[in-house]
$ cat model_18.txt   # compact mmCIF, N, CA and C atoms
# COMPACT_ATOMS: atom_id res chain seq x y z
N MET A 1 91.73 101.56 144.81
CA MET A 1 92.70 101.60 143.73
C MET A 1 92.26 102.67 142.72
N ASP A 2 93.19 103.52 142.30
CA ASP A 2 92.90 104.58 141.34
C ASP A 2 92.75 104.01 139.93
N ALA A 3 91.84 104.60 139.18
CA ALA A 3 91.63 104.19 137.79
C ALA A 3 92.80 104.69 136.94
N THR A 4 93.26 103.85 136.04
CA THR A 4 94.34 104.21 135.13
C THR A 4 93.77 104.95 133.93
N PRO A 5 94.62 105.62 133.13
CA PRO A 5 94.12 106.25 131.89
C PRO A 5 93.45 105.26 130.95
N TYR A 6 93.86 103.98 131.01
CA TYR A 6 93.21 102.96 130.19
C TYR A 6 91.80 102.69 130.72
N ASP A 7 91.65 102.69 132.07
CA ASP A 7 90.34 102.45 132.67
C ASP A 7 89.37 103.58 132.38
N THR A 8 89.84 104.82 132.37
CA THR A 8 88.96 105.98 132.18
C THR A 8 88.67 106.27 130.71
N GLY A 9 89.40 105.65 129.81
CA GLY A 9 89.23 105.92 128.39
C GLY A 9 90.07 107.07 127.88
N ALA A 10 90.89 107.66 128.77
CA ALA A 10 91.76 108.77 128.35
C ALA A 10 92.88 108.30 127.44
N ARG A 11 93.21 107.04 127.52
CA ARG A 11 94.27 106.47 126.68
C ARG A 11 93.77 105.15 126.10
N LEU A 12 94.05 104.93 124.82
CA LEU A 12 93.63 103.68 124.18
C LEU A 12 94.50 102.53 124.66
N GLU A 13 93.91 101.36 124.75
CA GLU A 13 94.60 100.15 125.23
C GLU A 13 95.37 99.52 124.07
N PRO A 14 96.71 99.35 124.21
CA PRO A 14 97.48 98.72 123.14
C PRO A 14 97.41 97.19 123.23
N HIS A 15 97.30 96.53 122.09
CA HIS A 15 97.30 95.07 122.02
C HIS A 15 98.20 94.64 120.88
N VAL A 16 99.25 93.88 121.20
CA VAL A 16 100.15 93.41 120.15
C VAL A 16 99.46 92.34 119.31
N TRP A 17 99.87 92.23 118.06
CA TRP A 17 99.26 91.28 117.15
C TRP A 17 99.67 89.84 117.43
N VAL A 18 100.91 89.62 117.85
CA VAL A 18 101.46 88.26 117.88
C VAL A 18 101.64 87.79 119.33
N HIS A 19 101.07 86.65 119.64
CA HIS A 19 101.25 85.98 120.92
C HIS A 19 101.61 84.53 120.64
N ASP A 20 102.80 84.12 121.05
CA ASP A 20 103.24 82.72 120.89
C ASP A 20 103.09 82.22 119.45
N GLY A 21 103.42 83.09 118.48
CA GLY A 21 103.40 82.67 117.08
C GLY A 21 102.02 82.69 116.44
N ILE A 22 100.99 83.15 117.17
CA ILE A 22 99.63 83.22 116.65
C ILE A 22 99.20 84.68 116.63
N THR A 23 98.49 85.09 115.59
CA THR A 23 98.00 86.47 115.50
C THR A 23 96.49 86.47 115.29
N SER A 24 95.85 87.53 115.77
CA SER A 24 94.40 87.60 115.65
C SER A 24 93.92 89.05 115.63
N PRO A 25 94.40 89.90 114.71
CA PRO A 25 93.94 91.29 114.69
C PRO A 25 92.48 91.43 114.31
N ASP A 26 91.93 90.47 113.59
CA ASP A 26 90.54 90.56 113.14
C ASP A 26 89.63 89.56 113.85
N GLY A 27 90.15 88.93 114.92
CA GLY A 27 89.34 87.97 115.66
C GLY A 27 89.45 86.55 115.14
N LEU A 28 90.15 86.34 114.04
CA LEU A 28 90.34 85.00 113.49
C LEU A 28 91.79 84.60 113.68
N SER A 29 92.06 83.67 114.60
CA SER A 29 93.43 83.27 114.88
C SER A 29 94.05 82.58 113.67
N ARG A 30 95.33 82.88 113.45
CA ARG A 30 96.09 82.24 112.38
C ARG A 30 97.56 82.29 112.76
N ASP A 31 98.38 81.48 112.11
CA ASP A 31 99.82 81.53 112.34
C ASP A 31 100.35 82.89 111.92
N ALA A 32 101.25 83.44 112.72
CA ALA A 32 101.84 84.75 112.42
C ALA A 32 102.75 84.66 111.20
N GLU A 33 102.78 85.78 110.47
CA GLU A 33 103.69 85.93 109.34
C GLU A 33 104.70 87.00 109.70
N ALA A 34 105.79 87.08 108.96
CA ALA A 34 106.87 88.02 109.28
C ALA A 34 106.37 89.46 109.40
N ASP A 35 105.44 89.89 108.53
CA ASP A 35 104.94 91.26 108.55
C ASP A 35 104.04 91.57 109.74
N ASP A 36 103.59 90.55 110.47
CA ASP A 36 102.71 90.77 111.62
C ASP A 36 103.47 91.26 112.85
N TYR A 37 104.75 90.94 112.96
CA TYR A 37 105.52 91.30 114.14
C TYR A 37 105.75 92.80 114.19
N GLY A 38 105.59 93.38 115.37
CA GLY A 38 105.81 94.80 115.56
C GLY A 38 104.58 95.65 115.35
N ARG A 39 103.46 95.06 114.98
CA ARG A 39 102.22 95.82 114.79
C ARG A 39 101.42 95.80 116.09
N VAL A 40 100.78 96.92 116.38
CA VAL A 40 100.01 97.06 117.61
C VAL A 40 98.65 97.65 117.28
N ASP A 41 97.58 97.04 117.80
CA ASP A 41 96.24 97.60 117.71
C ASP A 41 95.96 98.43 118.95
N PHE A 42 95.27 99.55 118.79
CA PHE A 42 94.84 100.37 119.92
C PHE A 42 93.32 100.33 119.98
N ASP A 43 92.79 99.84 121.11
CA ASP A 43 91.36 99.62 121.29
C ASP A 43 90.76 100.62 122.26
N ASP A 44 89.46 100.95 122.04
CA ASP A 44 88.75 101.82 122.97
C ASP A 44 88.16 100.98 124.11
N ASP A 45 87.36 101.60 124.98
CA ASP A 45 86.79 100.91 126.13
C ASP A 45 85.89 99.74 125.75
N GLU A 46 85.27 99.80 124.58
CA GLU A 46 84.39 98.72 124.14
C GLU A 46 85.14 97.59 123.44
N GLY A 47 86.46 97.74 123.29
CA GLY A 47 87.26 96.72 122.62
C GLY A 47 87.33 96.88 121.12
N THR A 48 86.82 97.99 120.59
CA THR A 48 86.88 98.26 119.16
C THR A 48 88.26 98.80 118.81
N THR A 49 88.89 98.25 117.80
CA THR A 49 90.18 98.74 117.36
C THR A 49 89.99 100.08 116.65
N ILE A 50 90.66 101.12 117.17
CA ILE A 50 90.58 102.46 116.62
C ILE A 50 91.68 102.67 115.59
N ALA A 51 92.87 102.11 115.86
CA ALA A 51 94.01 102.29 114.95
C ALA A 51 95.00 101.14 115.13
N THR A 52 95.73 100.86 114.07
CA THR A 52 96.84 99.92 114.10
C THR A 52 98.08 100.69 113.72
N LEU A 53 99.18 100.46 114.44
CA LEU A 53 100.41 101.23 114.24
C LEU A 53 101.60 100.30 114.12
N TRP A 54 102.51 100.65 113.21
CA TRP A 54 103.81 100.01 113.17
C TRP A 54 104.80 100.95 112.51
N ILE A 55 106.07 100.74 112.80
CA ILE A 55 107.15 101.59 112.29
C ILE A 55 108.13 100.70 111.56
N GLU A 56 108.54 101.12 110.37
CA GLU A 56 109.54 100.41 109.60
C GLU A 56 110.69 101.36 109.32
N GLY A 57 111.88 100.84 109.32
CA GLY A 57 113.03 101.68 109.05
C GLY A 57 114.31 100.87 109.02
N SER A 58 115.40 101.58 108.80
CA SER A 58 116.71 100.96 108.81
C SER A 58 117.69 101.93 109.45
N PRO A 59 118.87 101.46 109.84
CA PRO A 59 119.82 102.36 110.48
C PRO A 59 120.30 103.49 109.59
N THR A 60 120.13 103.36 108.27
CA THR A 60 120.65 104.37 107.35
C THR A 60 119.59 105.27 106.72
N SER A 61 118.30 105.10 107.10
CA SER A 61 117.26 105.95 106.52
C SER A 61 116.23 106.31 107.59
N ALA A 62 115.38 107.25 107.25
CA ALA A 62 114.33 107.66 108.18
C ALA A 62 113.30 106.55 108.36
N GLU A 63 112.69 106.51 109.54
CA GLU A 63 111.64 105.53 109.79
C GLU A 63 110.36 105.95 109.09
N GLU A 64 109.61 104.96 108.64
CA GLU A 64 108.28 105.20 108.10
C GLU A 64 107.28 104.73 109.15
N VAL A 65 106.31 105.58 109.49
CA VAL A 65 105.30 105.25 110.47
C VAL A 65 103.98 105.01 109.75
N PHE A 66 103.37 103.87 110.02
CA PHE A 66 102.10 103.52 109.39
C PHE A 66 101.01 103.51 110.45
N VAL A 67 99.95 104.27 110.21
CA VAL A 67 98.80 104.32 111.10
C VAL A 67 97.57 103.98 110.28
N LEU A 68 96.96 102.85 110.58
CA LEU A 68 95.71 102.46 109.93
C LEU A 68 94.59 102.77 110.90
N LYS A 69 93.74 103.72 110.55
CA LYS A 69 92.68 104.16 111.45
C LYS A 69 91.33 103.60 111.03
N LEU A 70 90.48 103.39 112.02
CA LEU A 70 89.11 102.97 111.76
C LEU A 70 88.40 104.01 110.91
N ASP A 71 88.56 105.29 111.27
CA ASP A 71 87.98 106.39 110.49
C ASP A 71 89.11 106.96 109.62
N VAL A 72 89.19 106.53 108.38
CA VAL A 72 90.29 106.93 107.50
C VAL A 72 90.27 108.41 107.15
N ASN A 73 89.15 109.10 107.42
CA ASN A 73 89.06 110.52 107.13
C ASN A 73 89.50 111.41 108.30
N ALA A 74 89.77 110.81 109.44
CA ALA A 74 90.18 111.58 110.61
C ALA A 74 91.67 111.89 110.55
N SER A 75 92.04 113.07 111.03
CA SER A 75 93.45 113.45 111.05
C SER A 75 94.17 112.72 112.17
N VAL A 76 95.50 112.73 112.11
CA VAL A 76 96.35 112.13 113.14
C VAL A 76 97.17 113.25 113.76
N ILE A 77 97.04 113.44 115.06
CA ILE A 77 97.80 114.47 115.77
C ILE A 77 99.06 113.81 116.34
N ILE A 78 100.21 114.43 116.07
CA ILE A 78 101.50 113.85 116.45
C ILE A 78 102.08 114.63 117.62
N HIS A 79 102.46 113.89 118.67
CA HIS A 79 103.09 114.48 119.84
C HIS A 79 104.46 113.86 120.04
N GLY A 80 105.38 114.60 120.62
CA GLY A 80 106.72 114.11 120.90
C GLY A 80 106.76 113.33 122.20
N PRO A 81 107.94 112.82 122.56
CA PRO A 81 108.07 111.98 123.74
C PRO A 81 107.72 112.70 125.04
N GLY A 82 107.80 114.03 125.07
CA GLY A 82 107.43 114.79 126.25
C GLY A 82 106.01 115.29 126.21
N GLY A 83 105.24 114.88 125.21
CA GLY A 83 103.86 115.31 125.07
C GLY A 83 103.70 116.57 124.25
N GLU A 84 104.81 117.16 123.79
CA GLU A 84 104.73 118.40 123.02
C GLU A 84 104.13 118.14 121.64
N TYR A 85 103.33 119.09 121.17
CA TYR A 85 102.70 119.00 119.86
C TYR A 85 103.75 119.14 118.77
N ILE A 86 103.75 118.20 117.81
CA ILE A 86 104.68 118.26 116.69
C ILE A 86 103.96 118.67 115.41
N GLY A 87 102.79 118.10 115.17
CA GLY A 87 102.06 118.45 113.96
C GLY A 87 100.82 117.59 113.80
N THR A 88 100.09 117.87 112.73
CA THR A 88 98.88 117.12 112.41
C THR A 88 98.99 116.62 110.98
N ALA A 89 98.74 115.33 110.78
CA ALA A 89 98.74 114.73 109.46
C ALA A 89 97.29 114.60 109.01
N GLN A 90 96.98 115.14 107.83
CA GLN A 90 95.64 115.07 107.26
C GLN A 90 95.58 113.93 106.26
N PRO A 91 94.46 113.23 106.19
CA PRO A 91 94.32 112.16 105.18
C PRO A 91 94.35 112.75 103.78
N LEU A 92 94.76 111.93 102.84
CA LEU A 92 94.82 112.39 101.44
C LEU A 92 93.46 112.44 100.82

$ encode --input "model_18.txt" --output "structure tokens"
Amino acid sequence: MDATPYDTGARLEPHVWVHDGITSPDGLSRDAEADDYGRVDFDDDEGTTIATLWIEGSPTSAEEVFVLKLDVNASVIIHGPGGEYIGTAQPL
């Protein structure tokens, strides 16, 4: 069986926050709250969360994308759906 990009570490493993009404982004299970839905943690091969991502928006305005990174000083490189480079966001 061929190794997947998740197996090789080329792609971070996504993990949703909410399972059956329970959330555990920090390892401590608790009942999910409305703001927990739609958030995804991305973990490396060792299981360390590198970033948490969620998108908020409405049909009449632009979406806001939130990326919480483990290293808050690292830039975020943005690619489009076809893999094309769109831009780089630098931390403030």

$ residues_around --input "model_18.txt" --residues "Pro91 (chain A)" --least-positions-apart "6" --cutoff "6 Å" --atoms "all atoms listed in the file" --output "compact mmCIF listing (two decimals) with N, CA and C atoms, in the coordinates of the input"
# COMPACT_ATOMS: atom_id res chain seq x y z
N VAL A 72 89.19 106.53 108.38
CA VAL A 72 90.29 106.93 107.50
C VAL A 72 90.27 108.41 107.15
N ASN A 73 89.15 109.10 107.42
CA ASN A 73 89.06 110.52 107.13
C ASN A 73 89.50 111.41 108.30
N ALA A 74 89.77 110.81 109.44
CA ALA A 74 90.18 111.58 110.61
C ALA A 74 91.67 111.89 110.55
N SER A 75 92.04 113.07 111.03
CA SER A 75 93.45 113.45 111.05
C SER A 75 94.17 112.72 112.17

$ select_by_dssp --input "model_18.txt" --residues "chain A" --states "alpha helix (DSSP H)" --output "PyMOL selection string"
chain A and resi 5-8

$ select_by_dssp --input "model_18.txt" --residues "region 3-69 of chain A" --states "strand (DSSP E or B)" --output "PyMOL selection string"
chain A and resi 13-16+18-19+22-23+30-31+40-43+49-58+61-69

$ atom_distance --input "model_18.txt" --atom1 "CA of His15 (chain A)" --atom2 "CA of Ala34 (chain A)"
17.4 Å

$ residues_around --input "model_18.txt" --residues "Trp17 (chain A)" --least-positions-apart "6" --cutoff "9 Å" --atoms "only C-alpha atoms" --output "PDB file with N, CA and C atoms, in the frame of the given file"
ATOM      1  N   THR A  23      98.490  85.090 115.590  1.00  0.00           N
ATOM      2  CA  THR A  23      98.000  86.470 115.500  1.00  0.00           C
ATOM      3  C   THR A  23      96.490  86.470 115.290  1.00  0.00           C
ATOM      4  N   SER A  24      95.850  87.530 115.770  1.00  0.00           N
ATOM      5  CA  SER A  24      94.400  87.600 115.650  1.00  0.00           C
ATOM      6  C   SER A  24      93.920  89.050 115.630  1.00  0.00           C
ATOM      7  N   PRO A  25      94.400  89.900 114.710  1.00  0.00           N
ATOM      8  CA  PRO A  25      93.940  91.290 114.690  1.00  0.00           C
ATOM      9  C   PRO A  25      92.480  91.430 114.310  1.00  0.00           C
ATOM     10  N   ALA A  32     101.250  83.440 112.720  1.00  0.00           N
ATOM     11  CA  ALA A  32     101.840  84.750 112.420  1.00  0.00           C
ATOM     12  C   ALA A  32     102.750  84.660 111.200  1.00  0.00           C
ATOM     13  N   ASP A  36     103.590  90.550 110.470  1.00  0.00           N
ATOM     14  CA  ASP A  36     102.710  90.770 111.620  1.00  0.00           C
ATOM     15  C   ASP A  36     103.470  91.260 112.850  1.00  0.00           C
ATOM     16  N   TYR A  37     104.750  90.940 112.960  1.00  0.00           N
ATOM     17  CA  TYR A  37     105.520  91.300 114.140  1.00  0.00           C
ATOM     18  C   TYR A  37     105.750  92.800 114.190  1.00  0.00           C
ATOM     19  N   GLY A  38     105.590  93.380 115.370  1.00  0.00           N
ATOM     20  CA  GLY A  38     105.810  94.800 115.560  1.00  0.00           C
ATOM     21  C   GLY A  38     104.580  95.650 115.350  1.00  0.00           C
ATOM     22  N   ARG A  39     103.460  95.060 114.980  1.00  0.00           N
ATOM     23  CA  ARG A  39     102.220  95.820 114.790  1.00  0.00           C
ATOM     24  C   ARG A  39     101.420  95.800 116.090  1.00  0.00           C
ATOM     25  N   VAL A  40     100.780  96.920 116.380  1.00  0.00           N
ATOM     26  CA  VAL A  40     100.010  97.060 117.610  1.00  0.00           C
ATOM     27  C   VAL A  40      98.650  97.650 117.280  1.00  0.00           C
ATOM     28  N   ASP A  41      97.580  97.040 117.800  1.00  0.00           N
ATOM     29  CA  ASP A  41      96.240  97.600 117.710  1.00  0.00           C
ATOM     30  C   ASP A  41      95.960  98.430 118.950  1.00  0.00           C
TER      31      ASP A  41
END

$ atom_distance --input "model_18.txt" --atom1 "atom N of Val16 (chain A)" --atom2 "CA of Met1 (chain A)"
24.7 Å

$ atom_distance --input "model_18.txt" --atom1 "CA of Asp71 (chain A)" --atom2 "atom N of Ile50 (chain A)"
8.9 Å

$ residues_around --input "model_18.txt" --residues "Gly87 (chain A)" --least-positions-apart "2" --cutoff "7 Å" --atoms "all atoms listed in the file" --output "list in words"
Val76, Ile77, Ile78, His79, Gly80, Glu84, Tyr85 and Ala89 of chain A

$ closest_residue --input "model_18.txt" --among "A:His19, A:Ala51, A:Pro5, A:Gly82" --to "Lys69 (chain A)" --atoms "all atoms listed in the file"
A:Ala51

$ closest_residue --input "model_18.txt" --among "A:Ser61, A:Ile22, A:Val67, A:Asp45" --to "Thr8 (chain A)" --atoms "only N, CA and C atoms"
A:Asp45
